[in-house]
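Raw contents of run-v4.cif, mmCIF, C-alpha atoms:
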```
data_target
loop_
_atom_site.group_PDB
_atom_site.id
_atom_site.type_symbol
_atom_site.label_atom_id
_atom_site.label_comp_id
_atom_site.auth_asym_id
_atom_site.auth_seq_id
_atom_site.Cartn_x
_atom_site.Cartn_y
_atom_site.Cartn_z
ATOM 1 C CA MET A 9 -200.109 -140.782 9.636
ATOM 2 C CA THR A 10 -202.622 -141.236 12.368
ATOM 3 C CA THR A 11 -204.220 -144.508 13.279
ATOM 4 C CA ILE A 12 -207.676 -144.503 14.770
ATOM 5 C CA ARG A 13 -208.384 -147.423 17.070
ATOM 6 C CA ARG A 14 -211.588 -148.429 18.696
ATOM 7 C CA ALA A 15 -210.780 -148.900 22.380
ATOM 8 C CA GLU A 16 -211.636 -152.307 23.842
ATOM 9 C CA PRO A 17 -213.772 -151.806 26.962
ATOM 10 C CA ARG A 18 -212.337 -153.753 29.849
ATOM 11 C CA LYS A 19 -215.430 -154.307 31.894
ATOM 12 C CA ASN A 20 -218.841 -155.272 30.616
ATOM 13 C CA PHE A 21 -220.630 -152.991 33.076
ATOM 14 C CA GLU A 22 -218.776 -149.925 31.818
ATOM 15 C CA ARG A 23 -219.481 -150.988 28.241
ATOM 16 C CA TYR A 24 -223.214 -151.166 28.907
ATOM 17 C CA ALA A 25 -223.133 -147.938 30.922
ATOM 18 C CA PHE A 26 -221.415 -146.227 27.971
ATOM 19 C CA LEU A 27 -224.027 -147.538 25.528
ATOM 20 C CA PHE A 28 -226.831 -146.640 27.927
ATOM 21 C CA MET A 29 -225.651 -143.020 28.125
ATOM 22 C CA ARG A 30 -225.782 -142.726 24.311
ATOM 23 C CA LEU A 31 -229.101 -144.525 23.841
ATOM 24 C CA SER A 32 -230.874 -142.815 26.755
ATOM 25 C CA GLY A 33 -229.382 -139.541 25.514
ATOM 26 C CA VAL A 34 -231.141 -140.023 22.187
ATOM 27 C CA ALA A 35 -234.401 -140.875 23.995
ATOM 28 C CA LEU A 36 -234.008 -137.808 26.223
ATOM 29 C CA LEU A 37 -233.630 -135.608 23.144
ATOM 30 C CA LEU A 38 -237.325 -136.245 22.616
ATOM 31 C CA LEU A 39 -238.477 -136.763 26.202
ATOM 32 C CA ALA A 40 -236.542 -134.075 28.101
ATOM 33 C CA VAL A 41 -236.305 -131.412 25.404
ATOM 34 C CA GLY A 42 -239.972 -132.103 24.565
ATOM 35 C CA HIS A 43 -240.901 -131.691 28.235
ATOM 36 C CA MET A 44 -239.048 -128.354 28.413
ATOM 37 C CA VAL A 45 -240.701 -127.117 25.218
ATOM 38 C CA ILE A 46 -244.183 -128.120 26.419
ATOM 39 C CA GLN A 47 -243.835 -126.730 29.949
ATOM 40 C CA HIS A 48 -241.947 -123.522 29.171
ATOM 41 C CA LEU A 49 -242.899 -122.554 25.614
ATOM 42 C CA VAL A 50 -246.288 -124.140 24.838
ATOM 43 C CA ARG A 51 -247.606 -123.793 28.394
ATOM 44 C CA ASP A 52 -246.505 -121.144 30.844
ATOM 45 C CA VAL A 53 -244.923 -122.334 34.088
ATOM 46 C CA HIS A 54 -246.358 -119.235 35.723
ATOM 47 C CA ASP A 55 -249.809 -120.818 35.285
ATOM 48 C CA LEU A 56 -248.787 -124.144 36.863
ATOM 49 C CA THR A 57 -251.049 -125.333 39.664
ATOM 50 C CA LEU A 58 -252.103 -128.646 41.175
ATOM 51 C CA GLN A 59 -255.136 -128.431 38.891
ATOM 52 C CA VAL A 60 -252.894 -128.374 35.799
ATOM 53 C CA VAL A 61 -251.144 -131.543 37.037
ATOM 54 C CA ALA A 62 -254.563 -133.155 37.531
ATOM 55 C CA ASP A 63 -255.600 -132.242 33.975
ATOM 56 C CA VAL A 64 -252.390 -133.660 32.490
ATOM 57 C CA TRP A 65 -252.379 -136.864 34.569
ATOM 58 C CA ARG A 66 -255.983 -137.590 33.586
ATOM 59 C CA SER A 67 -254.297 -139.010 30.484
ATOM 60 C CA TRP A 68 -252.510 -142.351 30.886
ATOM 61 C CA GLY A 69 -250.450 -141.422 27.841
ATOM 62 C CA TRP A 70 -248.926 -138.431 29.648
ATOM 63 C CA ARG A 71 -248.400 -140.533 32.768
ATOM 64 C CA ALA A 72 -246.464 -143.025 30.628
ATOM 65 C CA TYR A 73 -244.471 -140.159 29.061
ATOM 66 C CA ASP A 74 -243.585 -138.783 32.493
ATOM 67 C CA LEU A 75 -242.632 -142.229 33.793
ATOM 68 C CA LEU A 76 -240.315 -142.862 30.816
ATOM 69 C CA LEU A 77 -238.796 -139.399 31.199
ATOM 70 C CA LEU A 78 -238.313 -139.995 34.915
ATOM 71 C CA ILE A 79 -236.567 -143.351 34.442
ATOM 72 C CA PHE A 80 -234.295 -142.274 31.576
ATOM 73 C CA ALA A 81 -233.430 -138.868 33.066
ATOM 74 C CA ALA A 82 -232.722 -140.202 36.557
ATOM 75 C CA MET A 83 -230.574 -143.102 35.334
ATOM 76 C CA HIS A 84 -228.730 -140.912 32.815
ATOM 77 C CA GLY A 85 -228.179 -138.194 35.406
ATOM 78 C CA PHE A 86 -226.970 -140.419 38.223
ATOM 79 C CA ASN A 87 -224.674 -142.400 35.947
ATOM 80 C CA GLY A 88 -223.297 -139.092 34.696
ATOM 81 C CA LEU A 89 -222.695 -137.961 38.270
ATOM 82 C CA ARG A 90 -220.932 -141.277 38.947
ATOM 83 C CA ASN A 91 -218.682 -140.708 35.915
ATOM 84 C CA VAL A 92 -217.820 -137.198 37.090
ATOM 85 C CA LEU A 93 -217.127 -138.258 40.680
ATOM 86 C CA GLU A 94 -214.943 -141.189 39.578
ATOM 87 C CA ASP A 95 -212.759 -138.734 37.663
ATOM 88 C CA TYR A 96 -211.866 -136.958 40.883
ATOM 89 C CA ILE A 97 -212.165 -139.601 43.607
ATOM 90 C CA HIS A 98 -209.638 -142.388 43.316
ATOM 91 C CA ASN A 99 -209.975 -144.319 46.570
ATOM 92 C CA PRO A 100 -211.787 -147.556 45.538
ATOM 93 C CA VAL A 101 -213.490 -147.905 48.938
ATOM 94 C CA THR A 102 -214.853 -144.339 48.778
ATOM 95 C CA VAL A 103 -215.938 -144.820 45.158
ATOM 96 C CA ARG A 104 -217.763 -148.016 46.105
ATOM 97 C CA ARG A 105 -219.566 -146.354 49.017
ATOM 98 C CA ILE A 106 -220.606 -143.394 46.884
ATOM 99 C CA ASN A 107 -221.836 -145.687 44.117
ATOM 100 C CA ILE A 108 -223.937 -147.741 46.540
ATOM 101 C CA GLY A 109 -225.377 -144.518 47.982
ATOM 102 C CA LEU A 110 -226.171 -143.161 44.515
ATOM 103 C CA ALA A 111 -227.753 -146.461 43.427
ATOM 104 C CA VAL A 112 -229.971 -146.611 46.527
ATOM 105 C CA PHE A 113 -231.054 -142.992 46.108
ATOM 106 C CA LEU A 114 -231.707 -143.563 42.394
ATOM 107 C CA VAL A 115 -233.950 -146.572 43.070
ATOM 108 C CA LEU A 116 -235.797 -144.708 45.853
ATOM 109 C CA THR A 117 -236.342 -141.700 43.579
ATOM 110 C CA ILE A 118 -237.702 -143.796 40.710
ATOM 111 C CA VAL A 119 -239.933 -146.006 42.886
ATOM 112 C CA TRP A 120 -241.341 -143.108 44.948
ATOM 113 C CA SER A 121 -242.117 -141.008 41.864
ATOM 114 C CA ALA A 122 -243.468 -143.938 39.838
ATOM 115 C CA VAL A 123 -245.898 -144.701 42.684
ATOM 116 C CA ALA A 124 -246.824 -140.995 42.739
ATOM 117 C CA ILE A 125 -247.507 -140.930 38.985
ATOM 118 C CA PHE A 126 -249.673 -144.045 39.014
ATOM 119 C CA THR A 127 -251.620 -143.565 42.246
ATOM 120 C CA PHE A 128 -252.480 -139.904 41.566
ATOM 121 C CA ARG A 129 -256.260 -139.384 41.542
ATOM 122 C CA PRO A 130 -257.202 -136.349 39.429
ATOM 123 C CA ASP A 131 -260.723 -136.326 40.878
ATOM 124 C CA ALA A 132 -259.339 -135.875 44.393
ATOM 125 C CA VAL A 133 -258.106 -132.427 43.376
ATOM 126 C CA MET A 134 -261.142 -130.362 44.336
ATOM 127 C CA VAL A 135 -260.065 -126.773 44.583
ATOM 128 C CA GLN A 136 -257.333 -124.929 42.826
ATOM 129 C CA ALA A 137 -254.617 -123.445 44.990
ATOM 130 C CA PRO A 138 -254.494 -119.628 45.043
ATOM 131 C CA MET B 10 -200.616 -128.218 49.170
ATOM 132 C CA SER B 11 -203.612 -128.394 46.884
ATOM 133 C CA SER B 12 -206.926 -130.129 47.223
ATOM 134 C CA PRO B 13 -208.276 -132.203 44.314
ATOM 135 C CA LEU B 14 -211.075 -129.656 43.872
ATOM 136 C CA LYS B 15 -208.694 -126.692 43.722
ATOM 137 C CA GLU B 16 -206.401 -128.587 41.356
ATOM 138 C CA THR B 17 -209.338 -129.477 39.095
ATOM 139 C CA VAL B 18 -210.542 -125.890 38.887
ATOM 140 C CA GLN B 19 -206.983 -124.648 38.210
ATOM 141 C CA GLU B 20 -206.355 -127.200 35.460
ATOM 142 C CA VAL B 21 -209.706 -126.518 33.821
ATOM 143 C CA VAL B 22 -208.782 -122.854 33.508
ATOM 144 C CA ARG B 23 -205.155 -123.497 32.516
ATOM 145 C CA TYR B 24 -205.699 -126.287 29.941
ATOM 146 C CA ARG B 25 -205.721 -125.048 26.337
ATOM 147 C CA GLY B 26 -207.968 -127.459 24.479
ATOM 148 C CA ASN B 27 -209.839 -124.622 22.800
ATOM 149 C CA TRP B 28 -213.501 -125.045 21.877
ATOM 150 C CA GLY B 29 -213.673 -128.779 22.513
ATOM 151 C CA HIS B 30 -212.318 -128.232 26.009
ATOM 152 C CA TRP B 31 -214.963 -125.652 26.855
ATOM 153 C CA SER B 32 -217.628 -127.968 25.421
ATOM 154 C CA TRP B 33 -216.411 -130.682 27.782
ATOM 155 C CA VAL B 34 -216.495 -128.309 30.763
ATOM 156 C CA ALA B 35 -219.952 -126.995 29.796
ATOM 157 C CA HIS B 36 -221.262 -130.526 29.256
ATOM 158 C CA ARG B 37 -220.256 -131.501 32.798
ATOM 159 C CA LEU B 38 -221.544 -128.350 34.459
ATOM 160 C CA SER B 39 -224.840 -128.354 32.527
ATOM 161 C CA GLY B 40 -225.323 -132.052 33.330
ATOM 162 C CA LEU B 41 -224.764 -131.462 37.044
ATOM 163 C CA ALA B 42 -227.088 -128.441 36.979
ATOM 164 C CA VAL B 43 -229.873 -130.377 35.252
ATOM 165 C CA LEU B 44 -229.453 -133.298 37.661
ATOM 166 C CA SER B 45 -229.729 -130.957 40.681
ATOM 167 C CA PHE B 46 -232.964 -129.522 39.342
ATOM 168 C CA LEU B 47 -234.228 -132.984 38.345
ATOM 169 C CA VAL B 48 -233.901 -134.359 41.892
ATOM 170 C CA ILE B 49 -235.730 -131.377 43.432
ATOM 171 C CA HIS B 50 -238.370 -131.392 40.681
ATOM 172 C CA VAL B 51 -239.087 -135.131 40.830
ATOM 173 C CA TRP B 52 -239.432 -135.323 44.637
ATOM 174 C CA ASP B 53 -241.451 -132.119 44.608
ATOM 175 C CA THR B 54 -243.827 -133.332 41.885
ATOM 176 C CA ALA B 55 -244.407 -136.587 43.802
ATOM 177 C CA ASN B 56 -245.992 -134.349 46.462
ATOM 178 C CA ALA B 57 -248.861 -133.716 44.036
ATOM 179 C CA THR B 58 -249.935 -137.225 45.028
ATOM 180 C CA PHE B 59 -248.625 -137.650 48.565
ATOM 181 C CA TRP B 60 -248.978 -134.131 49.985
ATOM 182 C CA PRO B 61 -251.022 -131.882 47.655
ATOM 183 C CA GLU B 62 -250.958 -128.882 50.033
ATOM 184 C CA ALA B 63 -247.150 -128.873 49.982
ATOM 185 C CA TYR B 64 -247.155 -129.189 46.199
ATOM 186 C CA ALA B 65 -249.570 -126.279 45.769
ATOM 187 C CA TYR B 66 -247.249 -124.155 47.917
ATOM 188 C CA SER B 67 -244.012 -125.266 46.235
ATOM 189 C CA VAL B 68 -245.223 -124.348 42.724
ATOM 190 C CA GLU B 69 -245.682 -120.829 44.088
ATOM 191 C CA ILE B 70 -242.003 -120.854 45.084
ATOM 192 C CA PHE B 71 -241.114 -121.881 41.520
ATOM 193 C CA LYS B 72 -242.850 -118.704 40.285
ATOM 194 C CA TRP B 73 -240.665 -116.544 42.526
ATOM 195 C CA PHE B 74 -238.542 -114.289 40.285
ATOM 196 C CA PRO B 75 -235.098 -115.767 41.075
ATOM 197 C CA PHE B 76 -236.469 -119.261 40.380
ATOM 198 C CA SER B 77 -237.980 -118.159 37.059
ATOM 199 C CA VAL B 78 -234.609 -116.765 36.040
ATOM 200 C CA GLY B 79 -233.038 -120.048 37.144
ATOM 201 C CA GLU B 80 -235.446 -121.883 34.841
ATOM 202 C CA ILE B 81 -234.098 -119.876 31.908
ATOM 203 C CA GLY B 82 -230.682 -121.172 32.942
ATOM 204 C CA LEU B 83 -232.155 -124.676 33.117
ATOM 205 C CA MET B 84 -233.389 -124.311 29.540
ATOM 206 C CA ALA B 85 -229.888 -123.245 28.476
ATOM 207 C CA ALA B 86 -228.343 -126.211 30.301
ATOM 208 C CA VAL B 87 -230.763 -128.753 28.788
ATOM 209 C CA LEU B 88 -230.329 -127.364 25.244
ATOM 210 C CA PHE B 89 -226.535 -127.234 25.385
ATOM 211 C CA HIS B 90 -226.313 -130.692 26.951
ATOM 212 C CA ALA B 91 -228.654 -132.069 24.267
ATOM 213 C CA PHE B 92 -226.808 -130.523 21.289
ATOM 214 C CA ASN B 93 -223.368 -131.372 22.605
ATOM 215 C CA GLY B 94 -224.606 -134.860 23.517
ATOM 216 C CA ILE B 95 -225.534 -135.442 19.865
ATOM 217 C CA ARG B 96 -222.012 -134.378 18.878
ATOM 218 C CA VAL B 97 -220.357 -136.666 21.440
ATOM 219 C CA THR B 98 -222.520 -139.628 20.411
ATOM 220 C CA LEU B 99 -221.842 -139.135 16.694
ATOM 221 C CA LEU B 100 -218.096 -138.863 17.286
ATOM 222 C CA ASP B 101 -218.137 -141.948 19.534
ATOM 223 C CA PHE B 102 -219.688 -144.070 16.807
ATOM 224 C CA LYS B 103 -217.873 -142.445 13.876
ATOM 225 C CA PRO B 104 -214.179 -142.122 14.838
ATOM 226 C CA GLU B 105 -213.348 -141.121 11.262
ATOM 227 C CA TRP B 106 -215.187 -137.832 11.978
ATOM 228 C CA TRP B 107 -212.750 -136.911 14.752
ATOM 229 C CA ARG B 108 -210.818 -134.736 12.304
ATOM 230 C CA TYR B 109 -213.810 -132.382 12.457
ATOM 231 C CA GLN B 110 -214.174 -132.409 16.229
ATOM 232 C CA GLN B 111 -212.985 -128.821 16.739
ATOM 233 C CA GLN B 112 -215.342 -127.538 14.005
ATOM 234 C CA SER B 113 -218.203 -129.636 15.393
ATOM 235 C CA ALA B 114 -217.642 -128.118 18.844
ATOM 236 C CA VAL B 115 -217.913 -124.621 17.362
ATOM 237 C CA ALA B 116 -221.009 -125.702 15.402
ATOM 238 C CA VAL B 117 -222.692 -126.880 18.620
ATOM 239 C CA TRP B 118 -222.007 -123.505 20.287
ATOM 240 C CA VAL B 119 -223.486 -121.738 17.247
ATOM 241 C CA VAL B 120 -226.604 -123.950 17.132
ATOM 242 C CA PHE B 121 -226.993 -123.484 20.879
ATOM 243 C CA ALA B 122 -226.761 -119.692 20.611
ATOM 244 C CA VAL B 123 -229.190 -119.536 17.702
ATOM 245 C CA THR B 124 -231.818 -121.642 19.506
ATOM 246 C CA PHE B 125 -231.339 -120.470 23.077
ATOM 247 C CA LEU B 126 -231.193 -116.706 22.500
ATOM 248 C CA PRO B 127 -234.774 -116.348 21.170
ATOM 249 C CA ILE B 128 -236.098 -118.941 23.646
ATOM 250 C CA GLY B 129 -234.357 -117.275 26.571
ATOM 251 C CA TYR B 130 -235.649 -113.884 25.464
ATOM 252 C CA PHE B 131 -239.196 -115.269 25.241
ATOM 253 C CA MET B 132 -238.946 -116.824 28.720
ATOM 254 C CA LEU B 133 -237.558 -113.601 30.182
ATOM 255 C CA GLN B 134 -240.412 -111.637 28.617
ATOM 256 C CA ARG B 135 -242.939 -113.986 30.212
ATOM 257 C CA THR B 136 -241.192 -113.793 33.570
ATOM 258 C CA ILE B 137 -241.297 -109.996 33.477
ATOM 259 C CA GLY B 138 -244.936 -110.156 32.319
ATOM 260 C CA HIS B 139 -245.725 -112.260 35.388
ATOM 261 C CA CYS B 140 -244.078 -109.607 37.579
ATOM 262 C CA ILE B 141 -246.144 -106.880 35.918
ATOM 263 C CA ASN B 142 -249.351 -108.883 36.467
ATOM 264 C CA LYS B 143 -248.479 -109.330 40.137
ATOM 265 C CA ALA B 144 -247.630 -105.668 40.537
ATOM 266 C CA ALA B 145 -251.046 -104.780 39.053
ATOM 267 C CA VAL B 146 -252.730 -106.492 42.026
ATOM 268 C CA GLY B 147 -250.320 -105.028 44.556
ATOM 269 C CA GLN B 148 -248.057 -108.098 44.876
ATOM 270 C CA SER B 149 -244.376 -108.511 44.125
ATOM 271 C CA CYS B 150 -242.728 -111.344 42.176
ATOM 272 C CA PHE B 151 -239.597 -110.667 44.278
ATOM 273 C CA ALA B 152 -241.329 -111.418 47.589
ATOM 274 C CA PHE B 153 -240.632 -114.991 48.657
ATOM 275 C CA PRO B 154 -244.043 -116.728 48.839
ATOM 276 C CA LEU B 155 -244.967 -117.684 52.386
ATOM 277 C CA PRO B 156 -246.844 -120.893 53.186
ATOM 278 C CA PRO B 157 -250.633 -120.548 53.558
ATOM 279 C CA GLY B 158 -251.605 -119.232 56.988
ATOM 280 C CA TRP B 159 -248.429 -117.183 57.552
#
```

Rewrite the coordinates I just gave you, this time as structure tokens.
Amino acid sequence: MTTIRRAEPRKNFERYAFLFMRLSGVALLLLAVGHMVIQHLVRDVHDLTLQVVADVWRSWGWRAYDLLLLIFAAMHGFNGLRNVLEDYIHNPVTVRRINIGLAVFLVLTIVWSAVAIFTFRPDAVMVQAP
Amino acid sequence: MSSPLKETVQEVVRYRGNWGHWSWVAHRLSGLAVLSFLVIHVWDTANATFWPEAYAYSVEIFKWFPFSVGEIGLMAAVLFHAFNGIRVTLLDFKPEWWRYQQQSAVAVWVVFAVTFLPIGYFMLQRTIGHCINKAAVGQSCFAFPLPPGW
């Protein structure tokens, strides 16, 4: 006979990180897969230009979509990378340094791109690139 | 004397966990692949605001043939990671379904194949079509695009 036990998470952070990976994963099913379908199947990436970005970001709805996708994908991805690295790196000092580095880079990535999404001016795009 | 990396690669190949094991390996590799593209893509797209000339040039690099083929791989990675992620999440919240984990792993590979094969074929067709269009005007999709003014 087998007994199935639910493991008791030791640390609260890891518990929330675990839940976050599942919940953001469900959100990314719509956001990330939807983004791939739109960009690669509905549109054609071979037609992508700065002008196309300007047309899409004229809509605040699409800006909000891209911001949500950015936040969920970046957090999900960097936490996943942390999980992978912690499987192979066991020195607590090294792990801590890597985690701080990843966290800083994650915040920089989200802030820089969020500013880009919300300060983009579609009307400033005058001519289409060749 | 073995390095952790070498040991990891050896054990991944040697371990006999069948389908579930390969799902685990593919989930990791596809996740890392998508993250690598995500970082490049996000910082690159921010250039649309901060440095439009650089953005206009970089999208031309993304249309370079090897990159287009890489994007088909990206589609495969995203789809597999998504389908297998559903499986992992369901099994995490429903431990009583663990008895089906091997079957569910096979099911994910089947669903992945059924969805990705037509999509990948479609993307490859478009990529080749782009090459044909370029060839018609005397350009090559294999030539790495040079920045304006070069």

For this session: Quick one: apply the PyMOL selection byres ((chain A and resi 33-39) around 10) to the file and drop the selected residues here as a VMD selection string.
Result: (chain A and resid 27 to 32 40 to 45 73 to 74 76 to 78 80 to 81 84) or (chain B and resid 87 to 88 90 to 92 94 to 95 98)

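Closest to Val123 in chain B among B:Leu47, B:Phe89, B:Gln110, B:Ala144 is B:Phe89, based on only C-alpha atoms.
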
For this session: Within 10 Å of range 32-45 of chain B, counting all atoms listed in the file, which residues show up once you throw out same-chain ones fewer than 4 positions away? Write them as number ranges by chain, please.
Result: A: 81-82, 84-86, 88-89, 91-92; B: 21-22, 26-28, 49-50, 82-94, 97, 111, 114-115, 117-118

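Residues of chain A lying within 6 Å of chain B, counting all atoms listed in the file, are Arg30, His54, Leu58, Gly85, Ser121, Ala124, Phe128 and Ala137 of chain A.
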
Could you save the residues just selected, with C-alpha atoms, as a PDB file, keeping the file's coordinate frame?
```pdb
ATOM      1  CA  ARG A  30    -225.782-142.726  24.311  1.00  0.00           C
ATOM      2  CA  HIS A  54    -246.358-119.235  35.723  1.00  0.00           C
ATOM      3  CA  LEU A  58    -252.103-128.646  41.175  1.00  0.00           C
ATOM      4  CA  GLY A  85    -228.179-138.194  35.406  1.00  0.00           C
ATOM      5  CA  SER A 121    -242.117-141.008  41.864  1.00  0.00           C
ATOM      6  CA  ALA A 124    -246.824-140.995  42.739  1.00  0.00           C
ATOM      7  CA  PHE A 128    -252.480-139.904  41.566  1.00  0.00           C
ATOM      8  CA  ALA A 137    -254.617-123.445  44.990  1.00  0.00           C
TER       9      ALA A 137
END
```

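Our summary of the geometry notes that CA of Leu75 in chain A is positioned 9.8 Å from CA of Val123 in chain A.
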
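The spacing separating CA of Ala111 in chain A from CA of Glu16 in chain B amounts to 27.9 Å.
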
Problem set entry | 10 Å contact set for range 99-107 of chain A, only C-alpha atoms, chain neighbours under 3 positions out, as a VMD selection string | chain A and resid 86 to 87 89 to 90 93 to 94 96 110 to 113

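Reported to one decimal place, the separation of CA of Phe26 in chain A from CA of Met83 in chain A is 12.2 Å.
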
Problem set entry | Residues within 12 Å of Val64 in chain A, only C-alpha atoms, excluding chain neighbours under 6 positions, as a ChimeraX atom specification | /A:46-47,51,56-58,70-74,125,128-130

Take the residues from that selection and put them in a file with C-alpha atoms, as an mmCIF file, in the frame of the given file.
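File written: selection-v9.cif
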```cif
data_model
loop_
_atom_site.group_PDB
_atom_site.id
_atom_site.type_symbol
_atom_site.label_atom_id
_atom_site.label_comp_id
_atom_site.auth_asym_id
_atom_site.auth_seq_id
_atom_site.Cartn_x
_atom_site.Cartn_y
_atom_site.Cartn_z
ATOM 1 C CA ILE A 46 -244.183 -128.120 26.419
ATOM 2 C CA GLN A 47 -243.835 -126.730 29.949
ATOM 3 C CA ARG A 51 -247.606 -123.793 28.394
ATOM 4 C CA LEU A 56 -248.787 -124.144 36.863
ATOM 5 C CA THR A 57 -251.049 -125.333 39.664
ATOM 6 C CA LEU A 58 -252.103 -128.646 41.175
ATOM 7 C CA TRP A 70 -248.926 -138.431 29.648
ATOM 8 C CA ARG A 71 -248.400 -140.533 32.768
ATOM 9 C CA ALA A 72 -246.464 -143.025 30.628
ATOM 10 C CA TYR A 73 -244.471 -140.159 29.061
ATOM 11 C CA ASP A 74 -243.585 -138.783 32.493
ATOM 12 C CA ILE A 125 -247.507 -140.930 38.985
ATOM 13 C CA PHE A 128 -252.480 -139.904 41.566
ATOM 14 C CA ARG A 129 -256.260 -139.384 41.542
ATOM 15 C CA PRO A 130 -257.202 -136.349 39.429
#
```

For this session: May I have the protein, DNA and RNA residues with any atom at most 8 Å from the point (-241.1, -114.4, 41.7), counting all atoms listed in the file, written as a list in words?
Result: Ile70, Phe71, Lys72, Trp73, Phe74, Pro75, Phe76, Ser77, Cys140, Ser149, Cys150, Phe151, Ala152 and Phe153 of chain B

Centre and edges of the range 58-62 of chain A box, axis-aligned, 3 Å extra per side, as JSON:
```
{"center_x": -253.1, "center_y": -130.8, "center_z": 38.5, "size_x": 10.0, "size_y": 10.8, "size_z": 11.4}
```
